[in-house]
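With compact mmCIF, N, CA and C atoms and all ligand atoms inside, this is coords04.txt:
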# COMPACT_ATOMS: atom_id res chain seq x y z
N MET A 25 8.39 15.96 -13.83
CA MET A 25 8.03 14.55 -14.01
C MET A 25 9.19 13.77 -14.59
N THR A 26 9.86 13.02 -13.75
CA THR A 26 10.93 12.16 -14.25
C THR A 26 10.49 10.70 -14.20
N GLU A 27 9.30 10.49 -13.65
CA GLU A 27 8.82 9.13 -13.49
C GLU A 27 8.54 8.50 -14.86
N ARG A 28 9.06 7.28 -15.04
CA ARG A 28 8.73 6.55 -16.26
C ARG A 28 7.33 5.96 -16.10
N THR A 29 6.57 6.04 -17.13
CA THR A 29 5.24 5.45 -17.05
C THR A 29 5.07 4.42 -18.14
N ARG A 30 4.27 3.43 -17.84
CA ARG A 30 3.94 2.40 -18.82
C ARG A 30 2.44 2.27 -18.86
N ALA A 31 1.96 1.65 -19.90
CA ALA A 31 0.52 1.45 -20.02
C ALA A 31 0.02 0.57 -18.87
N PRO A 32 -1.18 0.86 -18.36
CA PRO A 32 -1.75 0.02 -17.31
C PRO A 32 -1.80 -1.44 -17.74
N GLY A 33 -1.55 -2.34 -16.81
CA GLY A 33 -1.62 -3.76 -17.12
C GLY A 33 -0.32 -4.33 -17.63
N THR A 34 0.72 -3.51 -17.74
CA THR A 34 2.02 -4.04 -18.16
C THR A 34 3.02 -3.82 -17.03
N GLY A 35 4.19 -4.42 -17.18
CA GLY A 35 5.26 -4.17 -16.22
C GLY A 35 4.98 -4.69 -14.84
N GLY A 36 4.15 -5.72 -14.74
CA GLY A 36 3.96 -6.35 -13.45
C GLY A 36 2.84 -5.78 -12.61
N TRP A 37 2.10 -4.82 -13.15
CA TRP A 37 0.97 -4.32 -12.37
C TRP A 37 -0.10 -5.41 -12.28
N PRO A 38 -0.64 -5.67 -11.05
CA PRO A 38 -1.66 -6.71 -10.93
C PRO A 38 -2.89 -6.39 -11.78
N PRO A 39 -3.24 -7.25 -12.72
CA PRO A 39 -4.32 -6.92 -13.66
C PRO A 39 -5.69 -6.78 -12.99
N ASN A 40 -5.84 -7.34 -11.78
CA ASN A 40 -7.14 -7.25 -11.10
C ASN A 40 -7.25 -6.06 -10.16
N PHE A 41 -6.25 -5.19 -10.18
CA PHE A 41 -6.22 -4.03 -9.28
C PHE A 41 -6.53 -2.77 -10.11
N PRO A 42 -7.74 -2.21 -9.96
CA PRO A 42 -8.14 -1.09 -10.82
C PRO A 42 -7.23 0.13 -10.69
N ILE A 43 -6.97 0.76 -11.83
CA ILE A 43 -6.20 2.01 -11.86
C ILE A 43 -7.18 3.15 -12.10
N GLU A 44 -7.05 4.20 -11.29
CA GLU A 44 -7.94 5.35 -11.38
C GLU A 44 -7.56 6.22 -12.58
N PRO A 45 -8.48 7.09 -13.03
CA PRO A 45 -8.16 8.00 -14.14
C PRO A 45 -6.92 8.85 -13.86
N SER A 46 -6.63 9.10 -12.58
CA SER A 46 -5.45 9.88 -12.19
C SER A 46 -4.15 9.14 -12.44
N GLY A 47 -4.25 7.81 -12.68
CA GLY A 47 -3.04 7.00 -12.83
C GLY A 47 -2.64 6.31 -11.55
N GLY A 48 -3.30 6.66 -10.45
CA GLY A 48 -3.03 6.01 -9.18
C GLY A 48 -4.05 4.94 -8.89
N VAL A 49 -4.11 4.53 -7.62
CA VAL A 49 -5.14 3.59 -7.18
C VAL A 49 -6.14 4.34 -6.31
N ALA A 50 -7.24 3.70 -5.97
CA ALA A 50 -8.23 4.34 -5.12
C ALA A 50 -7.61 4.70 -3.77
N GLU A 51 -8.03 5.82 -3.22
CA GLU A 51 -7.62 6.20 -1.87
C GLU A 51 -8.51 5.48 -0.86
N GLY A 52 -7.94 5.07 0.27
CA GLY A 52 -8.74 4.53 1.36
C GLY A 52 -8.95 3.04 1.33
N LEU A 53 -8.26 2.32 0.43
CA LEU A 53 -8.36 0.86 0.43
C LEU A 53 -7.65 0.32 1.68
N VAL A 54 -8.22 -0.70 2.28
CA VAL A 54 -7.65 -1.29 3.48
C VAL A 54 -6.40 -2.11 3.12
N VAL A 55 -5.36 -1.95 3.92
CA VAL A 55 -4.12 -2.69 3.76
C VAL A 55 -3.86 -3.45 5.06
N ARG A 56 -3.46 -4.72 4.95
CA ARG A 56 -3.16 -5.52 6.13
C ARG A 56 -1.69 -5.90 6.16
N SER A 57 -1.07 -5.79 7.34
CA SER A 57 0.33 -6.16 7.50
C SER A 57 0.48 -7.68 7.39
N VAL A 58 1.72 -8.15 7.37
CA VAL A 58 1.99 -9.58 7.23
C VAL A 58 1.20 -10.39 8.27
N SER A 59 1.23 -9.97 9.52
CA SER A 59 0.53 -10.71 10.58
C SER A 59 -0.96 -10.41 10.58
N GLY A 60 -1.35 -9.36 9.90
CA GLY A 60 -2.74 -8.93 9.91
C GLY A 60 -3.07 -8.01 11.07
N ALA A 61 -2.12 -7.79 11.95
CA ALA A 61 -2.38 -7.06 13.19
C ALA A 61 -2.41 -5.55 12.99
N ILE A 62 -1.78 -5.07 11.93
CA ILE A 62 -1.70 -3.64 11.71
C ILE A 62 -2.42 -3.28 10.42
N GLU A 63 -3.24 -2.23 10.51
CA GLU A 63 -4.05 -1.83 9.38
C GLU A 63 -3.49 -0.55 8.77
N GLY A 64 -3.55 -0.50 7.45
CA GLY A 64 -3.17 0.71 6.74
C GLY A 64 -4.23 1.07 5.73
N ARG A 65 -4.04 2.22 5.08
CA ARG A 65 -4.94 2.64 4.00
C ARG A 65 -4.09 3.18 2.86
N THR A 66 -4.54 2.90 1.64
CA THR A 66 -3.84 3.45 0.49
C THR A 66 -4.07 4.96 0.43
N ASN A 67 -3.03 5.69 0.05
CA ASN A 67 -3.21 7.14 -0.11
C ASN A 67 -3.47 7.52 -1.56
N GLY A 68 -3.51 6.50 -2.44
CA GLY A 68 -3.86 6.74 -3.83
C GLY A 68 -2.68 6.81 -4.78
N SER A 69 -1.46 6.91 -4.26
CA SER A 69 -0.32 7.05 -5.16
C SER A 69 0.17 5.70 -5.68
N ARG A 70 0.72 5.74 -6.87
CA ARG A 70 1.23 4.54 -7.53
C ARG A 70 2.38 4.96 -8.42
N ARG A 71 3.50 4.29 -8.31
CA ARG A 71 4.64 4.56 -9.19
C ARG A 71 5.52 3.33 -9.25
N ARG A 72 6.41 3.31 -10.22
CA ARG A 72 7.26 2.12 -10.37
C ARG A 72 8.21 2.02 -9.19
N CYS A 73 8.50 0.76 -8.83
CA CYS A 73 9.43 0.50 -7.73
C CYS A 73 10.80 1.07 -8.09
N SER A 74 11.47 1.62 -7.08
CA SER A 74 12.76 2.25 -7.33
C SER A 74 13.93 1.29 -7.22
N SER A 75 13.69 0.04 -6.83
CA SER A 75 14.78 -0.93 -6.75
C SER A 75 15.23 -1.35 -8.15
N THR A 76 16.55 -1.43 -8.32
CA THR A 76 17.10 -1.78 -9.62
C THR A 76 16.60 -3.14 -10.08
N ASN A 77 16.14 -3.18 -11.31
CA ASN A 77 15.69 -4.42 -11.94
C ASN A 77 14.43 -5.04 -11.32
N CYS A 78 13.77 -4.31 -10.42
CA CYS A 78 12.54 -4.86 -9.85
C CYS A 78 11.38 -4.51 -10.78
N PRO A 79 10.57 -5.51 -11.14
CA PRO A 79 9.44 -5.25 -12.04
C PRO A 79 8.23 -4.67 -11.32
N GLY A 80 8.34 -4.48 -10.02
CA GLY A 80 7.17 -4.12 -9.22
C GLY A 80 6.78 -2.65 -9.28
N TRP A 81 5.69 -2.38 -8.60
CA TRP A 81 5.15 -1.02 -8.48
C TRP A 81 4.98 -0.68 -7.01
N PHE A 82 5.26 0.57 -6.68
CA PHE A 82 4.99 1.07 -5.34
C PHE A 82 3.56 1.58 -5.24
N ILE A 83 2.91 1.31 -4.11
CA ILE A 83 1.71 2.05 -3.75
C ILE A 83 1.98 2.74 -2.42
N GLY A 84 1.43 3.92 -2.25
CA GLY A 84 1.59 4.67 -1.01
C GLY A 84 0.59 4.18 0.03
N VAL A 85 1.10 3.92 1.24
CA VAL A 85 0.25 3.43 2.33
C VAL A 85 0.53 4.23 3.59
N LEU A 86 -0.53 4.64 4.27
CA LEU A 86 -0.37 5.23 5.60
C LEU A 86 -0.87 4.23 6.62
N TRP A 87 0.07 3.68 7.40
CA TRP A 87 -0.28 2.70 8.44
C TRP A 87 -0.93 3.41 9.62
N GLU A 88 -1.73 2.66 10.38
CA GLU A 88 -2.37 3.24 11.56
C GLU A 88 -1.34 3.65 12.61
N SER A 89 -0.12 3.17 12.45
CA SER A 89 0.98 3.58 13.34
C SER A 89 1.45 4.99 13.01
N GLY A 90 0.90 5.57 11.95
CA GLY A 90 1.30 6.91 11.54
C GLY A 90 2.46 6.90 10.56
N GLN A 91 2.97 5.69 10.24
CA GLN A 91 4.12 5.57 9.35
C GLN A 91 3.67 5.52 7.88
N GLN A 92 4.29 6.35 7.08
CA GLN A 92 4.02 6.38 5.64
C GLN A 92 5.02 5.47 4.95
N ALA A 93 4.53 4.64 4.03
CA ALA A 93 5.43 3.70 3.36
C ALA A 93 5.04 3.56 1.90
N TYR A 94 6.03 3.19 1.09
CA TYR A 94 5.76 2.82 -0.29
C TYR A 94 6.04 1.33 -0.41
N LEU A 95 4.99 0.57 -0.69
CA LEU A 95 5.11 -0.88 -0.68
C LEU A 95 5.17 -1.41 -2.10
N CYS A 96 6.21 -2.22 -2.36
CA CYS A 96 6.41 -2.79 -3.70
C CYS A 96 5.46 -3.96 -3.92
N SER A 97 4.92 -4.02 -5.12
CA SER A 97 3.95 -5.06 -5.46
C SER A 97 4.54 -6.47 -5.40
N GLU A 98 5.87 -6.58 -5.34
CA GLU A 98 6.47 -7.90 -5.16
C GLU A 98 6.19 -8.44 -3.76
N GLY A 99 5.77 -7.58 -2.86
CA GLY A 99 5.56 -7.99 -1.48
C GLY A 99 4.11 -7.93 -1.02
N TRP A 100 3.18 -7.61 -1.93
CA TRP A 100 1.77 -7.60 -1.54
C TRP A 100 0.90 -8.19 -2.64
N ARG A 101 -0.33 -8.53 -2.25
CA ARG A 101 -1.32 -9.02 -3.21
C ARG A 101 -2.60 -8.23 -3.00
N TYR A 102 -3.28 -7.98 -4.09
CA TYR A 102 -4.57 -7.28 -4.01
C TYR A 102 -5.69 -8.30 -4.14
N ASP A 103 -6.65 -8.25 -3.21
CA ASP A 103 -7.81 -9.13 -3.26
C ASP A 103 -9.01 -8.32 -3.74
N PRO A 104 -9.44 -8.54 -5.00
CA PRO A 104 -10.51 -7.70 -5.56
C PRO A 104 -11.85 -7.89 -4.87
N ALA A 105 -12.12 -9.07 -4.31
CA ALA A 105 -13.42 -9.31 -3.68
C ALA A 105 -13.58 -8.46 -2.41
N SER A 106 -12.53 -8.40 -1.62
CA SER A 106 -12.61 -7.62 -0.37
C SER A 106 -12.02 -6.22 -0.54
N ARG A 107 -11.47 -5.94 -1.73
CA ARG A 107 -10.78 -4.67 -1.99
C ARG A 107 -9.74 -4.39 -0.91
N THR A 108 -8.95 -5.41 -0.64
CA THR A 108 -7.93 -5.31 0.41
C THR A 108 -6.56 -5.65 -0.17
N VAL A 109 -5.56 -4.89 0.26
CA VAL A 109 -4.18 -5.18 -0.08
C VAL A 109 -3.56 -5.92 1.11
N ARG A 110 -2.99 -7.10 0.87
CA ARG A 110 -2.37 -7.86 1.94
C ARG A 110 -0.86 -7.95 1.71
N VAL A 111 -0.11 -7.55 2.73
CA VAL A 111 1.34 -7.71 2.65
C VAL A 111 1.64 -9.17 2.89
N VAL A 112 2.34 -9.80 1.95
CA VAL A 112 2.55 -11.24 2.02
C VAL A 112 4.02 -11.63 2.13
N ASP A 113 4.91 -10.66 1.98
CA ASP A 113 6.33 -11.00 2.00
C ASP A 113 7.11 -9.81 2.53
N GLY A 114 8.32 -10.08 3.02
CA GLY A 114 9.14 -8.99 3.54
C GLY A 114 8.74 -8.64 4.95
N GLY A 115 9.07 -7.41 5.35
CA GLY A 115 8.82 -6.97 6.73
C GLY A 115 7.35 -6.75 7.01
N GLU A 116 7.01 -6.72 8.30
CA GLU A 116 5.62 -6.61 8.75
C GLU A 116 4.84 -5.50 8.06
N ILE A 117 5.43 -4.30 7.98
CA ILE A 117 4.73 -3.19 7.32
C ILE A 117 5.52 -2.63 6.14
N SER A 118 6.65 -3.25 5.81
CA SER A 118 7.48 -2.69 4.74
C SER A 118 7.30 -3.43 3.42
N ALA A 119 6.86 -4.69 3.48
CA ALA A 119 6.76 -5.54 2.28
C ALA A 119 8.09 -5.58 1.54
N ARG A 120 9.17 -5.29 2.27
CA ARG A 120 10.45 -5.12 1.60
C ARG A 120 11.36 -6.32 1.81
N PHE A 121 11.89 -6.84 0.73
CA PHE A 121 12.83 -7.94 0.86
C PHE A 121 13.95 -7.86 -0.15
N VAL A 122 13.95 -6.82 -0.99
CA VAL A 122 15.01 -6.69 -1.99
C VAL A 122 16.19 -5.92 -1.40
N SER A 123 15.94 -4.67 -1.02
CA SER A 123 16.99 -3.85 -0.44
C SER A 123 16.36 -2.68 0.28
N PRO A 124 16.94 -2.05 1.26
CA PRO A 124 18.14 -2.56 1.90
C PRO A 124 17.79 -3.66 2.89
N ALA A 125 18.77 -4.50 3.17
CA ALA A 125 18.58 -5.57 4.16
C ALA A 125 18.45 -4.97 5.54
N PRO A 126 17.81 -5.61 6.51
CA PRO A 126 17.10 -6.86 6.26
C PRO A 126 15.67 -6.63 5.76
N LEU A 127 14.83 -5.96 6.50
CA LEU A 127 13.43 -5.96 6.12
C LEU A 127 12.77 -4.58 6.23
N GLY A 128 13.52 -3.53 6.02
CA GLY A 128 12.89 -2.22 6.00
C GLY A 128 12.42 -1.74 7.36
N ILE A 129 11.51 -0.76 7.34
CA ILE A 129 11.08 -0.14 8.60
C ILE A 129 10.26 -1.11 9.45
N GLU A 130 10.42 -0.97 10.75
CA GLU A 130 9.66 -1.75 11.72
C GLU A 130 8.50 -0.90 12.21
N PRO A 131 7.39 -1.54 12.61
CA PRO A 131 6.28 -0.74 13.17
C PRO A 131 6.69 -0.05 14.46
N LEU A 132 6.20 1.16 14.66
CA LEU A 132 6.41 1.86 15.93
C LEU A 132 5.62 1.15 17.03
N PRO A 133 6.10 1.26 18.28
CA PRO A 133 5.28 0.73 19.38
C PRO A 133 3.95 1.47 19.46
N ARG A 134 2.91 0.77 19.91
CA ARG A 134 1.56 1.36 19.93
C ARG A 134 1.48 2.66 20.72
N THR A 135 2.33 2.79 21.72
CA THR A 135 2.30 4.01 22.53
C THR A 135 2.68 5.23 21.71
N GLU A 136 3.30 5.01 20.55
CA GLU A 136 3.72 6.14 19.71
C GLU A 136 2.81 6.36 18.51
N TRP A 137 1.76 5.57 18.43
CA TRP A 137 0.84 5.74 17.31
C TRP A 137 0.01 7.00 17.49
N PRO A 138 -0.40 7.63 16.38
CA PRO A 138 -1.24 8.82 16.49
C PRO A 138 -2.65 8.45 16.97
N ALA A 139 -3.34 9.42 17.57
CA ALA A 139 -4.74 9.21 17.96
C ALA A 139 -5.57 9.01 16.70
N ARG A 140 -6.63 8.20 16.82
CA ARG A 140 -7.50 7.95 15.67
C ARG A 140 -8.07 9.24 15.09
N ALA A 141 -8.40 10.17 15.98
CA ALA A 141 -8.98 11.43 15.52
C ALA A 141 -7.98 12.19 14.64
N ALA A 142 -6.71 12.10 14.98
CA ALA A 142 -5.68 12.76 14.18
C ALA A 142 -5.48 12.03 12.86
N LEU A 143 -5.52 10.71 12.93
CA LEU A 143 -5.35 9.90 11.73
C LEU A 143 -6.46 10.20 10.71
N ALA A 144 -7.65 10.46 11.22
CA ALA A 144 -8.82 10.67 10.36
C ALA A 144 -8.71 11.93 9.50
N HIS A 145 -7.73 12.78 9.78
CA HIS A 145 -7.52 13.96 8.94
C HIS A 145 -6.52 13.70 7.82
N ARG A 146 -5.92 12.52 7.85
CA ARG A 146 -4.82 12.28 6.91
C ARG A 146 -5.26 11.46 5.70
N LYS A 147 -4.48 11.59 4.63
CA LYS A 147 -4.82 10.96 3.37
C LYS A 147 -4.92 9.44 3.53
N GLY A 148 -5.97 8.86 2.95
CA GLY A 148 -6.21 7.43 3.08
C GLY A 148 -7.20 7.13 4.19
N TRP A 149 -7.17 7.94 5.25
CA TRP A 149 -8.02 7.71 6.43
C TRP A 149 -9.14 8.74 6.52
N ARG A 150 -9.13 9.77 5.67
CA ARG A 150 -10.10 10.86 5.77
C ARG A 150 -11.44 10.49 5.13
N ILE A 151 -11.48 9.33 4.46
CA ILE A 151 -12.71 8.85 3.85
C ILE A 151 -12.99 7.45 4.38
N PRO A 152 -14.27 7.02 4.38
CA PRO A 152 -14.56 5.66 4.86
C PRO A 152 -13.92 4.63 3.95
N PRO A 153 -13.55 3.46 4.49
CA PRO A 153 -12.98 2.41 3.63
C PRO A 153 -13.99 1.99 2.57
N THR A 154 -13.47 1.56 1.43
CA THR A 154 -14.31 1.25 0.28
C THR A 154 -15.22 0.05 0.53
N GLY A 155 -14.75 -0.92 1.27
CA GLY A 155 -15.56 -2.10 1.56
C GLY A 155 -15.54 -3.12 0.45
N PRO A 156 -16.20 -4.27 0.70
CA PRO A 156 -16.18 -5.36 -0.29
C PRO A 156 -16.81 -4.95 -1.61
N ASN A 157 -16.40 -5.63 -2.66
CA ASN A 157 -16.95 -5.37 -3.99
C ASN A 157 -18.19 -6.25 -4.18
N PRO A 158 -19.38 -5.67 -4.26
CA PRO A 158 -20.60 -6.47 -4.33
C PRO A 158 -20.74 -7.25 -5.65
N SER A 159 -19.97 -6.88 -6.65
CA SER A 159 -20.11 -7.56 -7.95
C SER A 159 -19.22 -8.80 -8.03
N LEU A 160 -18.43 -9.08 -6.98
CA LEU A 160 -17.56 -10.25 -7.00
C LEU A 160 -17.98 -11.27 -5.95
ZN ZN B 201 10.21 -3.63 -6.02

Could you quickly redo this structure as structure tokens?
Amino acid sequence: MTERTRAPGTGGWPPNFPIEPSGGVAEGLVVRSVSGAIEGRTNGSRRRCSSTNCPGWFIGVLWESGQQAYLCSEGWRYDPASRTVRVVDGGEISARFVSPAPLGIEPLPRTEWPARAALAHRKGWRIPPTGPNPSL
């Protein structure tokens, strides 16, 4: 363990995004790309962004394209009512705008995406999506 950890709610972590007892986020939360056209799911991991001087946090996301990414919180917003993470800045599925230029990984063409049945065995997709929060 070389990862630096800070108390939840500090260091730029979105205060409305629940942290699990494991220190990560819930697995299976829906993630939407910048255009909204590509769907991902959180795999539950959370760690500080590796970019120098960035106050953000990475969350692990498995896109339906089969691409695994770590998205910095500087490029996404969490909506507690719908329990959805929306990429709002940077590349379509990378949320990256700090480094390296220009915008991180590009989505694979649909012909190269994994079959849904295969995706359903992978982390983030192996459980049903959490769905809206009825208390909000
Ligand atoms: Zn960052």

Mind dumping a table of every chain A residue within 7 Å of ligand ZN 201 (chain B), with the nearest atom pair and its distance in Å to one decimal, using all atoms listed in the file, sorted by chain and rising number, as a Markdown table?
| residue | atom | partner | partner_atom | distance |
| --- | --- | --- | --- | --- |
| A:Arg72 | C | B:ZN201 | ZN | 6.8 |
| A:Cys73 | CA | B:ZN201 | ZN | 4.5 |
| A:Ser74 | N | B:ZN201 | ZN | 5.5 |
| A:Ser75 | N | B:ZN201 | ZN | 5.1 |
| A:Asn77 | C | B:ZN201 | ZN | 6.9 |
| A:Cys78 | CA | B:ZN201 | ZN | 4.6 |
| A:Pro79 | N | B:ZN201 | ZN | 5.5 |
| A:Gly80 | CA | B:ZN201 | ZN | 4.4 |
| A:Trp81 | N | B:ZN201 | ZN | 5.4 |
| A:Phe82 | N | B:ZN201 | ZN | 6.5 |
| A:Leu95 | C | B:ZN201 | ZN | 6.8 |
| A:Cys96 | CA | B:ZN201 | ZN | 4.5 |
| A:Ser97 | N | B:ZN201 | ZN | 5.4 |
| A:Glu98 | N | B:ZN201 | ZN | 5.3 |
| A:Gly99 | N | B:ZN201 | ZN | 6.7 |
| A:Val122 | CA | B:ZN201 | ZN | 7.0 |

Residues near Tyr94 (chain A), anyone? I mean within 6.5 Å using only N, CA and C atoms, not counting same-chain ones fewer than 6 positions away, as an mmCIF file with N, CA and C atoms, in the frame of the given file.
data_model
loop_
_atom_site.group_PDB
_atom_site.id
_atom_site.type_symbol
_atom_site.label_atom_id
_atom_site.label_comp_id
_atom_site.auth_asym_id
_atom_site.auth_seq_id
_atom_site.Cartn_x
_atom_site.Cartn_y
_atom_site.Cartn_z
ATOM 1 N N PHE A 82 5.260 0.570 -6.680
ATOM 2 C CA PHE A 82 4.990 1.070 -5.340
ATOM 3 C C PHE A 82 3.560 1.580 -5.240
ATOM 4 N N ILE A 83 2.910 1.310 -4.110
ATOM 5 C CA ILE A 83 1.710 2.050 -3.750
ATOM 6 C C ILE A 83 1.980 2.740 -2.420
ATOM 7 N N GLY A 84 1.430 3.920 -2.250
ATOM 8 C CA GLY A 84 1.590 4.670 -1.010
ATOM 9 C C GLY A 84 0.590 4.180 0.030
ATOM 10 N N VAL A 85 1.100 3.920 1.240
ATOM 11 C CA VAL A 85 0.250 3.430 2.330
ATOM 12 C C VAL A 85 0.530 4.230 3.590
ATOM 13 N N SER A 118 6.650 -3.250 5.810
ATOM 14 C CA SER A 118 7.480 -2.690 4.740
ATOM 15 C C SER A 118 7.300 -3.430 3.420
#

Report task. Run DSSP on the backbone of this structure and report the residues of chain A it assigns to alpha helix (DSSP H), as a count of residues only. Result -> 4

Query - Which residue of A:Lys147, A:Glu51, A:Val58, A:Phe41 approaches Arg110 (chain A) most closely, using all atoms listed in the file - result: A:Val58

Query - Contacts of Asp103 (chain A) within 12 Å, only C-alpha atoms, excl. fewer than 6 positions in-chain, as a PyMOL selection string - result: chain A and resi 38-42+53-56+109-112+155-157+160

Query raised in the report: A:Ser69, A:Thr154, A:Thr76, A:Thr108: which is nearest Ala93 (chain A), counting only C-alpha atoms?
Result: A:Ser69

Can you check which residues of region 43-120 of chain A DSSP gives as strand (DSSP E) on the backbone and send them as a short mmCIF file (atom, residue, chain, number, x, y, z; two decimals) with N, CA and C atoms, keeping the file's coordinate frame?
data_model
loop_
_atom_site.label_atom_id
_atom_site.label_comp_id
_atom_site.auth_asym_id
_atom_site.auth_seq_id
_atom_site.Cartn_x
_atom_site.Cartn_y
_atom_site.Cartn_z
N VAL A 54 -8.22 -0.70 2.28
CA VAL A 54 -7.65 -1.29 3.48
C VAL A 54 -6.40 -2.11 3.12
N VAL A 55 -5.36 -1.95 3.92
CA VAL A 55 -4.12 -2.69 3.76
C VAL A 55 -3.86 -3.45 5.06
N ARG A 56 -3.46 -4.72 4.95
CA ARG A 56 -3.16 -5.52 6.13
C ARG A 56 -1.69 -5.90 6.16
N GLU A 63 -3.24 -2.23 10.51
CA GLU A 63 -4.05 -1.83 9.38
C GLU A 63 -3.49 -0.55 8.77
N GLY A 64 -3.55 -0.50 7.45
CA GLY A 64 -3.17 0.71 6.74
C GLY A 64 -4.23 1.07 5.73
N ARG A 65 -4.04 2.22 5.08
CA ARG A 65 -4.94 2.64 4.00
C ARG A 65 -4.09 3.18 2.86
N THR A 66 -4.54 2.90 1.64
CA THR A 66 -3.84 3.45 0.49
C THR A 66 -4.07 4.96 0.43
N ASN A 67 -3.03 5.69 0.05
CA ASN A 67 -3.21 7.14 -0.11
C ASN A 67 -3.47 7.52 -1.56
N GLY A 68 -3.51 6.50 -2.44
CA GLY A 68 -3.86 6.74 -3.83
C GLY A 68 -2.68 6.81 -4.78
N SER A 69 -1.46 6.91 -4.26
CA SER A 69 -0.32 7.05 -5.16
C SER A 69 0.17 5.70 -5.68
N ARG A 70 0.72 5.74 -6.87
CA ARG A 70 1.23 4.54 -7.53
C ARG A 70 2.38 4.96 -8.42
N ARG A 71 3.50 4.29 -8.31
CA ARG A 71 4.64 4.56 -9.19
C ARG A 71 5.52 3.33 -9.25
N ARG A 72 6.41 3.31 -10.22
CA ARG A 72 7.26 2.12 -10.37
C ARG A 72 8.21 2.02 -9.19
N TRP A 81 5.69 -2.38 -8.60
CA TRP A 81 5.15 -1.02 -8.48
C TRP A 81 4.98 -0.68 -7.01
N PHE A 82 5.26 0.57 -6.68
CA PHE A 82 4.99 1.07 -5.34
C PHE A 82 3.56 1.58 -5.24
N ILE A 83 2.91 1.31 -4.11
CA ILE A 83 1.71 2.05 -3.75
C ILE A 83 1.98 2.74 -2.42
N GLY A 84 1.43 3.92 -2.25
CA GLY A 84 1.59 4.67 -1.01
C GLY A 84 0.59 4.18 0.03
N VAL A 85 1.10 3.92 1.24
CA VAL A 85 0.25 3.43 2.33
C VAL A 85 0.53 4.23 3.59
N LEU A 86 -0.53 4.64 4.27
CA LEU A 86 -0.37 5.23 5.60
C LEU A 86 -0.87 4.23 6.62
N TRP A 87 0.07 3.68 7.40
CA TRP A 87 -0.28 2.70 8.44
C TRP A 87 -0.93 3.41 9.62
N GLN A 92 4.29 6.35 7.08
CA GLN A 92 4.02 6.38 5.64
C GLN A 92 5.02 5.47 4.95
N ALA A 93 4.53 4.64 4.03
CA ALA A 93 5.43 3.70 3.36
C ALA A 93 5.04 3.56 1.90
N TYR A 94 6.03 3.19 1.09
CA TYR A 94 5.76 2.82 -0.29
C TYR A 94 6.04 1.33 -0.41
N LEU A 95 4.99 0.57 -0.69
CA LEU A 95 5.11 -0.88 -0.68
C LEU A 95 5.17 -1.41 -2.10
N CYS A 96 6.21 -2.22 -2.36
CA CYS A 96 6.41 -2.79 -3.70
C CYS A 96 5.46 -3.96 -3.92
N TRP A 100 3.18 -7.61 -1.93
CA TRP A 100 1.77 -7.60 -1.54
C TRP A 100 0.90 -8.19 -2.64
N ARG A 101 -0.33 -8.53 -2.25
CA ARG A 101 -1.32 -9.02 -3.21
C ARG A 101 -2.60 -8.23 -3.00
N TYR A 102 -3.28 -7.98 -4.09
CA TYR A 102 -4.57 -7.28 -4.01
C TYR A 102 -5.69 -8.30 -4.14
N ASP A 103 -6.65 -8.25 -3.21
CA ASP A 103 -7.81 -9.13 -3.26
C ASP A 103 -9.01 -8.32 -3.74
N THR A 108 -8.95 -5.41 -0.64
CA THR A 108 -7.93 -5.31 0.41
C THR A 108 -6.56 -5.65 -0.17
N VAL A 109 -5.56 -4.89 0.26
CA VAL A 109 -4.18 -5.18 -0.08
C VAL A 109 -3.56 -5.92 1.11
N ARG A 110 -2.99 -7.10 0.87
CA ARG A 110 -2.37 -7.86 1.94
C ARG A 110 -0.86 -7.95 1.71
N VAL A 111 -0.11 -7.55 2.73
CA VAL A 111 1.34 -7.71 2.65
C VAL A 111 1.64 -9.17 2.89
#

**Report entry** Pick from A:Gly68, A:Ser46, A:Ile62, A:Ser89 nearest to Pro133 (chain A), counting all atoms listed in the file
**Finding:**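 Closest residue, counting all atoms listed in the file: A:Ser89.
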
Query raised in the report: With all atoms listed in the file as the atoms that count, which of A:Gly47, A:Pro131, A:Gly52, A:Pro152 lies nearest to Arg65 (chain A)?
Result: A:Gly52

Report summary line: With distances taken over all atoms listed in the file, the candidate from A:Val49, A:Gly128, A:Trp149, A:Gly115 nearest Gly64 (chain A) is A:Trp149

Requested in this report: Work out how far CA of Gly48 (chain A) is from CA of Arg71 (chain A), in Å to one decimal.
Outcome: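 Distance between the two atoms: 7.8 Å.
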